[in-house]
$ cat work.cif   # mmCIF, C-alpha atoms
data_data
loop_
_atom_site.label_atom_id
_atom_site.label_comp_id
_atom_site.auth_asym_id
_atom_site.auth_seq_id
_atom_site.Cartn_x
_atom_site.Cartn_y
_atom_site.Cartn_z
CA MET I 753 6.95 -32.15 -9.54
CA ARG I 754 7.55 -28.43 -9.04
CA LEU I 755 7.75 -26.02 -11.95
CA ALA I 756 11.11 -24.57 -13.01
CA VAL I 757 11.94 -21.00 -12.08
CA THR I 758 11.44 -18.37 -14.79
CA PRO I 759 11.15 -14.57 -14.44
CA LEU I 760 7.60 -14.68 -15.79
CA ARG I 761 6.46 -17.31 -13.28
CA LEU I 762 8.01 -15.38 -10.40
CA PHE I 763 6.34 -12.20 -11.61
CA LEU I 764 2.98 -13.97 -11.82
CA LEU I 765 3.38 -15.17 -8.22
CA ALA I 766 3.99 -11.58 -7.15
CA VAL I 767 0.97 -10.46 -9.18
CA ALA I 768 -1.27 -13.05 -7.48
CA GLY I 769 -0.15 -11.81 -4.08
CA GLN I 770 -0.64 -8.17 -5.04
CA LEU I 771 -4.16 -8.82 -6.31
CA LEU I 772 -5.09 -10.16 -2.88
CA PHE I 773 -3.17 -7.43 -1.06
CA GLY I 774 -4.85 -4.68 -3.09
CA LEU I 775 -8.29 -6.10 -2.43
CA VAL I 776 -7.55 -6.11 1.30
CA LEU I 777 -6.30 -2.51 1.22
CA ALA I 778 -9.63 -1.40 -0.24
CA LEU I 779 -11.73 -3.66 1.98
CA PRO I 780 -12.16 -1.39 5.04
CA GLY I 781 -13.20 1.62 2.97
CA THR I 782 -15.54 -0.54 0.91
CA LEU I 783 -17.23 -2.05 3.95
CA PHE I 784 -17.51 1.38 5.59
CA GLY I 785 -19.63 2.38 2.59
CA LEU I 786 -22.23 -0.30 3.39
CA PRO I 787 -24.70 1.14 5.97
CA ALA I 788 -26.52 -2.22 6.12
CA TRP I 789 -23.25 -3.71 7.46
CA THR I 790 -21.80 -0.84 9.50
CA GLY I 791 -25.11 -0.05 11.23
CA PRO I 792 -25.77 -3.44 12.87
CA LEU I 793 -22.09 -3.80 13.83
CA GLY I 794 -21.94 -0.30 15.35
CA PHE I 795 -19.24 1.14 13.08
CA ASP I 796 -19.47 4.89 13.70
CA VAL I 797 -16.72 7.34 12.62
CA ALA I 798 -14.66 6.67 15.75
CA ALA I 799 -14.85 2.88 15.30
CA GLN I 800 -13.88 3.21 11.64
CA ALA I 801 -10.83 5.28 12.59
CA ARG I 802 -9.85 2.70 15.24
CA LEU I 803 -10.03 -0.16 12.76
CA LEU I 804 -7.84 1.72 10.26
CA VAL I 805 -5.32 2.43 13.02
CA VAL I 806 -5.27 -1.27 14.01
CA PHE I 807 -4.86 -2.34 10.39
CA PHE I 808 -1.98 -0.01 9.60
CA ALA I 809 -0.39 -0.47 13.03
CA GLY I 810 -0.32 -4.19 12.28
CA GLN I 811 1.42 -3.56 8.99
CA PHE I 812 3.93 -1.38 10.82
CA LEU I 813 4.66 -4.14 13.31
CA PHE I 814 4.92 -6.99 10.82
CA THR I 815 6.44 -5.61 7.61
CA ALA I 816 10.00 -5.19 8.90
CA LEU I 817 9.82 -8.71 10.33
CA ALA I 818 8.52 -9.99 6.99
CA GLY I 819 11.34 -8.24 5.11
CA SER I 820 13.96 -9.83 7.35
CA LEU I 821 12.21 -13.19 7.00
CA VAL I 822 12.31 -12.83 3.19
CA ASP I 823 16.12 -12.55 3.29
CA ARG I 824 16.33 -15.67 5.48
CA VAL I 825 13.80 -18.13 4.00
CA GLY I 826 12.91 -16.70 0.58
CA CYS I 827 10.14 -14.66 -0.96
CA GLN I 828 7.88 -17.54 -1.93
CA ARG I 829 7.50 -19.02 1.53
CA VAL I 830 6.67 -15.61 3.01
CA LEU I 831 4.17 -15.04 0.20
CA SER I 832 2.42 -18.30 1.08
CA LEU I 833 2.42 -17.45 4.78
CA GLY I 834 0.80 -14.08 4.13
CA SER I 835 -1.96 -15.60 2.00
CA LEU I 836 -2.71 -18.19 4.68
CA LEU I 837 -3.03 -15.50 7.37
CA MET I 838 -5.45 -13.61 5.14
CA ALA I 839 -7.61 -16.70 4.64
CA ILE I 840 -7.93 -17.08 8.41
CA ALA I 841 -8.73 -13.37 8.78
CA PHE I 842 -11.51 -13.46 6.16
CA VAL I 843 -13.20 -16.35 7.98
CA ARG I 844 -13.03 -14.53 11.32
CA LEU I 845 -14.29 -11.27 9.85
CA ALA I 846 -17.23 -13.11 8.28
CA GLY I 847 -18.32 -14.12 11.78
CA ALA I 848 -18.10 -10.63 13.32
CA ASN I 849 -21.22 -9.44 15.16
CA ALA I 850 -19.88 -6.12 16.49
CA ALA I 851 -17.25 -3.56 15.61
CA SER I 852 -14.99 -4.91 18.35
CA ASP I 853 -15.11 -8.38 16.74
CA ALA I 854 -13.52 -6.96 13.57
CA MET I 855 -10.36 -5.68 15.28
CA SER I 856 -8.47 -8.97 15.59
CA PRO I 857 -9.26 -10.01 11.98
CA ALA I 858 -8.00 -6.57 10.92
CA LEU I 859 -4.71 -7.32 12.68
CA LEU I 860 -4.45 -10.69 10.92
CA LEU I 861 -5.17 -9.03 7.58
CA ALA I 862 -2.38 -6.59 8.37
CA ALA I 863 0.06 -9.40 9.12
CA GLY I 864 -0.87 -11.21 5.93
CA GLY I 865 -0.71 -8.04 3.88
CA ALA I 866 2.70 -7.14 5.33
CA SER I 867 4.06 -10.55 4.39
CA ILE I 868 2.67 -10.44 0.86
CA ASN I 869 3.79 -6.86 0.26
CA ALA I 870 7.37 -7.38 1.45
CA ALA I 871 7.71 -10.70 -0.39
CA SER I 872 6.23 -9.58 -3.71
CA ASN I 873 8.16 -6.29 -3.84
CA THR I 874 11.43 -8.04 -3.05
CA LEU I 875 10.73 -10.89 -5.48
CA VAL I 876 10.20 -8.50 -8.39
CA SER I 877 13.09 -6.22 -7.37
CA VAL I 878 15.60 -9.08 -7.24
CA THR I 879 14.30 -10.82 -10.35
CA TYR I 880 14.40 -7.79 -12.64
CA GLY I 881 17.44 -5.86 -11.36
CA GLN I 882 17.81 -2.52 -13.14
CA ARG I 883 14.34 -2.94 -14.64
CA ARG I 884 12.80 -3.05 -11.17
CA GLY I 885 11.25 0.45 -11.40
CA ALA I 886 9.10 -0.38 -14.41
CA MET I 887 8.27 -3.90 -13.22
CA LEU I 888 7.36 -2.77 -9.70
CA SER I 889 4.95 -0.25 -11.19
CA LEU I 890 3.49 -2.93 -13.44
CA MET I 891 3.12 -5.30 -10.49
CA ALA I 892 1.48 -2.55 -8.45
CA THR I 893 -1.07 -2.15 -11.24
CA PHE I 894 -2.43 -5.54 -10.27
CA GLY I 895 -2.55 -4.46 -6.64
CA ALA I 896 -4.67 -1.52 -7.76
CA SER I 897 -6.80 -3.91 -9.84
CA GLY I 898 -7.42 -5.98 -6.74
CA ALA I 899 -8.48 -2.83 -4.91
CA LEU I 900 -10.80 -1.99 -7.79
CA VAL I 901 -12.44 -5.42 -7.48
CA SER I 902 -13.32 -4.82 -3.82
CA PRO I 903 -16.17 -2.30 -4.33
CA LEU I 904 -17.48 -4.40 -7.23
CA LEU I 905 -17.42 -7.58 -5.16
CA PHE I 906 -19.24 -5.95 -2.27
CA GLY I 907 -21.62 -3.84 -4.38
CA GLY I 908 -25.40 -4.00 -4.39
CA GLY I 909 -26.23 -2.80 -0.87
CA LEU I 910 -25.19 -5.99 0.91
CA GLY I 911 -26.16 -6.76 4.48
CA ILE I 912 -24.31 -8.87 7.04
CA ASP I 913 -25.15 -12.20 5.41
CA GLY I 914 -24.13 -11.05 1.92
CA VAL I 915 -20.84 -9.68 3.23
CA ALA I 916 -20.13 -12.92 5.09
CA THR I 917 -20.71 -14.99 1.94
CA ARG I 918 -18.23 -12.94 -0.05
CA LEU I 919 -15.67 -13.04 2.75
CA TRP I 920 -15.85 -16.84 2.71
CA ALA I 921 -15.23 -16.77 -1.05
CA LEU I 922 -12.19 -14.57 -0.47
CA ALA I 923 -10.91 -17.05 2.10
CA LEU I 924 -11.02 -19.83 -0.52
CA ALA I 925 -9.22 -17.60 -3.04
CA ALA I 926 -6.54 -16.83 -0.46
CA LEU I 927 -5.99 -20.56 0.12
CA VAL I 928 -5.44 -21.04 -3.62
CA ILE I 929 -2.84 -18.25 -3.62
CA THR I 930 -1.22 -19.88 -0.59
CA ALA I 931 -0.51 -22.98 -2.68
CA LEU I 932 0.76 -21.27 -5.84
CA PRO I 933 4.26 -20.23 -4.65
CA LEU I 934 4.88 -23.78 -3.43
CA LEU I 935 4.32 -25.13 -6.96
CA VAL I 936 7.40 -23.27 -8.30
CA GLN I 937 10.98 -24.14 -7.36
CA THR I 938 12.46 -21.82 -4.76
CA ALA I 939 14.28 -18.77 -6.12
CA HIS I 940 16.32 -16.02 -4.46
CA ALA I 941 16.52 -17.86 -1.15
CA ARG I 942 19.50 -17.61 1.17
CA ALA I 943 20.59 -19.97 3.91
CA SER I 944 20.59 -16.97 6.21
CA GLY I 945 20.14 -13.23 6.12
CA PRO I 946 20.41 -10.25 8.43
CA SER I 947 18.56 -10.52 11.70
CA LEU I 948 15.77 -8.07 12.43
CA PHE I 949 18.15 -6.19 14.73
CA GLY I 950 20.78 -6.16 12.02
CA ALA I 951 18.28 -4.86 9.52
CA PHE I 952 17.50 -1.91 11.77
CA LYS I 953 21.15 -0.81 11.46
CA LEU I 954 20.19 0.42 8.01
CA LEU I 955 18.39 3.27 9.77
CA ARG I 956 21.80 4.89 10.14
CA GLU I 957 21.54 5.61 6.42
CA ARG I 958 20.09 9.12 6.01
CA PRO I 959 18.84 8.52 2.44
CA LEU I 960 16.80 5.53 3.64
CA VAL I 961 15.34 7.59 6.49
CA GLY I 962 14.35 10.25 3.96
CA LEU I 963 12.64 7.67 1.75
CA ILE I 964 10.80 6.31 4.79
CA ALA I 965 9.50 9.81 5.57
CA LEU I 966 8.25 10.29 2.00
CA LEU I 967 6.59 6.87 1.92
CA ALA I 968 5.01 7.44 5.35
CA LEU I 969 3.22 10.53 4.08
CA GLU I 970 2.23 8.68 0.90
CA PHE I 971 0.91 5.68 2.82
CA GLY I 972 -1.08 8.06 4.99
CA ASP I 973 -2.72 9.54 1.92
CA GLU I 974 -3.48 6.07 0.52
CA ALA I 975 -5.02 5.02 3.84
CA VAL I 976 -7.26 8.08 4.00
CA MET I 977 -8.32 7.87 0.37
CA ALA I 978 -9.08 4.16 0.59
CA GLY I 979 -10.78 4.37 3.97
CA TRP I 980 -12.65 7.69 3.87
CA THR I 981 -13.72 8.34 0.28
CA ALA I 982 -16.97 6.37 0.53
CA ALA I 983 -17.85 7.75 3.96
CA PHE I 984 -17.04 11.31 2.80
CA THR I 985 -19.26 10.92 -0.27
CA ILE I 986 -22.24 9.60 1.70
CA ALA I 987 -21.91 12.29 4.38
CA VAL I 988 -21.45 15.29 2.06
CA PHE I 989 -23.80 14.14 -0.73
CA PRO I 990 -26.54 11.98 0.84
CA GLY I 991 -27.87 9.46 -1.62
CA ALA I 992 -24.66 9.38 -3.69
CA SER I 993 -22.87 6.08 -4.23
CA GLY I 994 -19.85 5.72 -1.97
CA GLY I 995 -18.87 2.51 -3.74
CA LEU I 996 -18.78 4.31 -7.09
CA MET I 997 -16.38 6.93 -5.74
CA VAL I 998 -14.10 4.29 -4.27
CA GLY I 999 -14.15 2.53 -7.63
CA LEU I 1000 -13.20 5.77 -9.42
CA TYR I 1001 -10.30 6.30 -7.04
CA TRP I 1002 -8.92 2.79 -7.52
CA GLY I 1003 -9.61 2.95 -11.26
CA GLY I 1004 -7.50 6.09 -11.57
CA LEU I 1005 -4.78 4.56 -9.44
CA CYS I 1006 -4.78 1.39 -11.57
CA LEU I 1007 -4.56 3.37 -14.80
CA SER I 1008 -1.64 5.51 -13.61
CA ARG I 1009 0.33 2.49 -12.42
CA LEU I 1010 -0.21 0.86 -15.79
CA CYS I 1011 1.20 3.94 -17.51
CA ALA I 1012 4.00 4.53 -14.98
CA PRO I 1013 6.62 2.34 -16.76
CA PHE I 1014 6.32 4.52 -19.87
CA VAL I 1015 6.70 7.67 -17.80
CA LEU I 1016 9.67 6.30 -15.83
CA ALA I 1017 11.44 5.44 -19.08
CA ARG I 1018 11.45 9.16 -19.94
CA ALA I 1019 11.66 10.96 -16.58
CA ALA I 1020 13.78 10.68 -13.43
CA LYS I 1021 12.10 8.90 -10.53
CA LEU I 1022 12.23 11.89 -8.17
CA VAL I 1023 10.67 14.09 -10.86
CA VAL I 1024 7.78 11.62 -11.15
CA VAL I 1025 7.31 11.67 -7.36
CA LEU I 1026 7.38 15.49 -7.27
CA MET I 1027 4.80 15.95 -10.03
CA ALA I 1028 2.48 13.17 -8.80
CA SER I 1029 2.49 14.33 -5.17
CA SER I 1030 1.75 17.93 -6.17
CA LEU I 1031 -1.19 16.78 -8.30
CA ALA I 1032 -2.43 14.58 -5.44
CA GLY I 1033 -2.52 17.52 -3.05
CA LEU I 1034 -4.45 19.67 -5.51
CA SER I 1035 -6.91 16.84 -6.27
CA ILE I 1036 -7.67 16.18 -2.61
CA LEU I 1037 -8.30 19.89 -2.05
CA ALA I 1038 -10.67 19.77 -5.03
CA MET I 1039 -12.51 16.90 -3.34
CA ALA I 1040 -12.90 18.94 -0.16
CA LEU I 1041 -14.32 21.90 -2.11
CA ALA I 1042 -16.44 19.92 -4.61
CA PRO I 1043 -19.88 21.57 -5.05
CA SER I 1044 -21.45 18.55 -6.78
CA THR I 1045 -21.03 14.81 -7.18
CA SER I 1046 -19.75 15.22 -10.75
CA VAL I 1047 -16.94 17.51 -9.61
CA LEU I 1048 -16.22 15.15 -6.71
CA ALA I 1049 -16.02 12.19 -9.10
CA ALA I 1050 -13.51 14.00 -11.33
CA ALA I 1051 -11.41 15.02 -8.32
CA VAL I 1052 -11.45 11.48 -6.87
CA PHE I 1053 -10.34 10.02 -10.21
CA MET I 1054 -7.52 12.57 -10.50
CA ALA I 1055 -6.43 11.80 -6.95
CA GLY I 1056 -6.18 8.12 -7.87
CA LEU I 1057 -4.14 8.99 -10.96
CA ALA I 1058 -1.76 11.07 -8.88
CA VAL I 1059 -1.33 8.65 -5.98
CA GLY I 1060 -0.79 5.62 -8.23
CA PRO I 1061 2.92 5.87 -9.15
CA LEU I 1062 4.15 7.24 -5.81
CA ALA I 1063 4.71 4.13 -3.66
CA PRO I 1064 6.22 1.86 -6.38
CA THR I 1065 8.61 4.60 -7.47
CA ILE I 1066 9.80 5.32 -3.92
CA VAL I 1067 10.28 1.58 -3.27
CA SER I 1068 12.22 1.31 -6.53
CA VAL I 1069 14.62 4.04 -5.40
CA ALA I 1070 15.32 2.03 -2.24
CA GLY I 1071 15.93 -1.13 -4.28
CA ASP I 1072 18.42 0.74 -6.46
CA ARG I 1073 20.36 1.94 -3.44
CA TYR I 1074 20.45 -1.29 -1.38
CA PRO I 1075 20.79 -4.22 -3.83
CA ARG I 1076 22.59 -6.52 -1.35
CA GLN I 1077 20.15 -6.03 1.54
CA MET I 1078 17.05 -5.55 -0.54
CA GLY I 1079 14.64 -7.58 1.55
CA ALA I 1080 15.70 -5.88 4.77
CA ALA I 1081 15.74 -2.38 3.23
CA ILE I 1082 12.35 -2.75 1.55
CA GLY I 1083 10.91 -4.39 4.67
CA LEU I 1084 12.08 -1.48 6.83
CA LEU I 1085 10.86 1.04 4.30
CA LEU I 1086 7.41 -0.51 3.99
CA SER I 1087 7.16 -1.16 7.72
CA ILE I 1088 8.13 2.14 9.32
CA ALA I 1089 6.29 4.06 6.62
CA GLN I 1090 3.09 2.46 7.94
CA ILE I 1091 3.28 5.03 10.74
CA GLY I 1092 1.79 7.42 8.22
CA GLY I 1093 -0.97 4.92 7.48
CA MET I 1094 -1.72 4.74 11.20
CA LEU I 1095 -1.54 8.42 12.10
CA LEU I 1096 -3.12 10.15 9.11
CA PRO I 1097 -6.50 8.34 9.26
CA TRP I 1098 -6.65 9.03 12.99
CA VAL I 1099 -5.80 12.72 12.55
CA THR I 1100 -8.26 12.94 9.65
CA GLY I 1101 -10.92 11.30 11.82
CA ARG I 1102 -10.34 13.76 14.68
CA ALA I 1103 -10.42 16.70 12.27
CA THR I 1104 -13.62 15.35 10.72
CA ILE I 1105 -15.32 14.98 14.11
CA ALA I 1106 -14.28 18.48 15.15
CA TYR I 1107 -14.73 20.45 11.93
CA GLY I 1108 -16.65 18.27 9.44
CA TYR I 1109 -15.85 16.00 6.51
CA ARG I 1110 -14.71 18.74 4.13
CA ALA I 1111 -12.23 20.22 6.58
CA GLY I 1112 -10.93 16.75 7.41
CA LEU I 1113 -9.55 16.33 3.88
CA VAL I 1114 -7.12 19.19 4.47
CA VAL I 1115 -5.01 16.69 6.43
CA PRO I 1116 -4.23 14.31 3.49
CA ALA I 1117 -3.84 17.31 1.15
CA LEU I 1118 -1.11 18.75 3.38
CA ALA I 1119 0.56 15.32 3.53
CA ALA I 1120 0.68 15.17 -0.28
CA PHE I 1121 2.27 18.60 -0.46
CA GLY I 1122 4.71 17.40 2.22
CA VAL I 1123 5.83 14.61 -0.12
CA ALA I 1124 6.48 17.21 -2.82
CA VAL I 1125 8.57 19.36 -0.47
CA GLY I 1126 10.49 16.33 0.79
CA THR I 1127 11.22 15.24 -2.77
CA VAL I 1128 12.75 18.63 -3.58
CA MET I 1129 14.93 18.32 -0.46
CA ALA I 1130 16.00 14.81 -1.48
CA TRP I 1131 16.89 16.05 -4.97
CA GLN I 1132 19.02 18.83 -3.50
CA ALA I 1133 20.78 16.40 -1.13
CA ARG I 1134 21.56 14.04 -4.02
CA SER I 1135 22.98 16.94 -6.04
CA ARG I 1136 25.23 17.92 -3.12
CA ARG I 1137 26.50 14.35 -2.75
CA ALA I 1138 27.19 14.12 -6.48
CA GLY I 1139 29.08 17.43 -6.35
CA ALA I 1140 31.18 16.21 -3.43
CA VAL I 1141 32.11 13.04 -5.32
CA VAL I 1142 33.19 15.09 -8.35
CA GLU I 1143 35.29 17.46 -6.23
CA ALA I 1144 37.04 14.73 -4.21
CA PRO I 1145 39.35 13.44 -7.00
CA ALA I 1146 40.35 17.01 -7.86
CA LYS I 1147 41.68 17.47 -4.36
#
$ encode --input "work.cif" --output "C-alpha cells"
Amino acid sequence: MRLAVTPLRLFLLAVAGQLLFGLVLALPGTLFGLPAWTGPLGFDVAAQARLLVVFFAGQFLFTALAGSLVDRVGCQRVLSLGSLLMAIAFVRLAGANAASDAMSPALLLAAGGASINAASNTLVSVTYGQRRGAMLSLMATFGASGALVSPLLFGGGLGIDGVATRLWALALAALVITALPLLVQTAHARASGPSLFGAFKLLRERPLVGLIALLALEFGDEAVMAGWTAAFTIAVFPGASGGLMVGLYWGGLCLSRLCAPFVLARAAKLVVVLMASSLAGLSILAMALAPSTSVLAAAVFMAGLAVGPLAPTIVSVAGDRYPRQMGAAIGLLLSIAQIGGMLLPWVTGRATIAYGYRAGLVVPALAAFGVAVGTVMAWQARSRRAGAVVEAPAK
C-alpha cells in the first residue's frame, strides 16, 4: 500500500534526490583531486576539461526533455528514472580503466542529474506555491550537503580500488532513492503536458531568456568552482589538501543556502542575486591572488557562501512567472543554462593551459560580475514594465 501524499513527504522525496544530485555535482572535482586515481587513468588538465564538458553538455541535452516529461508523467516518476540512471553510471565508472572509459558514465550521470534536478525543483515549486523561494533554497541546502559529502566519502588518498568500492556503494544508495518516490501516491501529475517543441515556444518570452542568461553564467561558475578548486589548490600550493578546499567551498555553499530563506523573507530576490554575484566575483579574484593556503581557504569559503543562493533564487523567479507551465519553464531554464556549465570550464581550462592556474580564475570571476550586471539590467527592465502598466489605465 502506497503512502498518502503530504507536502512534507513530497519535500523529503525532493531532498533525497537533491542529496544524490549534489554529490554527483561535486564528484568530478573530488576525483580530480585524487592523484592516485587520475594518474593511472591518464586524467591530465585537458582530459579533466573534456569530462566536465561532457557532463554539462549532457545536462544541457537532457534537462529540457526532463522538464517536459515532468509535465506529462509527473515529478515522482522522473525522479525515480534519474536515480536509476545514476546507479548504472556509478557501476560503469567504477570499472573505468582509462580517462576515455569515464566519458560515457559522465553522460549517464548528466542524464540522471538532469532528471532529478528538473523533477525535484518542479515538485517543490508546485507543492509550496508562493513559498517556493524559501523552500527551493532549503531544498538546495541538501543538494549542497550532498556535495559536501563527496570529498569526505572519497577522502584519505584513495586509489582505483578504493574509489571503485565507494562508487558501488553509491550505486546501491541510488537504487534505494529510485524506489522511494514509488512508495508515495502520485502527486501533481497530468494526463498530458506541453510537448518538447511546445515548451521551446516559451523562448519567445524575453524575461525567461534573461533568466537563462543569468543562470548560464551562474552554472558556469558552479562548474568551475566544483571542478577546478582541488586541482587549483594542488597546482598552486603543492602539498596542500585539494579535498579540504572543495569541502570548504561546499560547506560555505551549504551554509548560505540554509540561511537564504531568512534573507529572502527580508530582501527582494533580484537584490539577493545582485549582492551574492558581486561577492562571488570578488571572492574568486581573491582565490586567484591568494598568497597562502589560509587566505585561499577563506576566499574559497566566501565563494561558496556567495554562490549558494544564486541558482535557487533565479529558479524561484521563473516559477513565480510561469505557474501554469512550471515544469517546462524550469526544464528549459535549467537545460539551456547548462551551456554556461559546458563553456566556462572549457574556457577556464584553455586559459589555465595558456597562462597558468591563477590567470585561469579570471574567467569565472568575470562571469560572476556578468551576473551582477545582468541583474541590474533585469531590475531596470522590470521597472519599465511596471511603469508602462501604471501609465496604461491613465491613457
$ atom_distance --input "work.cif" --atom1 "atom CA of I:Ser1068" --atom2 "atom CA of I:Ala1028"
15.5 Å
$ resolve_selection --input "work.cif" --expression "the PyMOL selection byres ((chain I and resi 1002) around 7)" --output "ChimeraX atom specification"
/I:896,899-900,998-1001,1003-1006,1056
$ atom_distance --input "work.cif" --atom1 "atom CA of I:Gly972" --atom2 "atom CA of I:Thr879"
28.8 Å
$ residues_around --input "work.cif" --residues "stretch 1116-1121 of chain I" --least-positions-apart "5" --cutoff "12 Å" --atoms "only C-alpha atoms" --output "VMD selection string"
chain I and resid 965 to 981 1025 to 1041 1055 1058 to 1059 1062 1092 to 1093 1095 to 1101 1103 to 1104 1110 to 1111 1126 to 1128
$ atom_distance --input "work.cif" --atom1 "atom CA of I:Met855" --atom2 "atom CA of I:Arg802"
8.4 Å
$ closest_residue --input "work.cif" --among "I:Phe1053, I:Tyr1074, I:Phe989, I:Phe763" --to "I:Cys827" --atoms "only C-alpha atoms"
I:Phe763
$ residues_near_point --input "work.cif" --point "(-22.0, 10.4, -5.6)" --cutoff "8 Å" --atoms "all atoms listed in the file" --output "number ranges by chain"
I: 985-986, 989, 991-994, 996-997, 1045-1046, 1048-1049
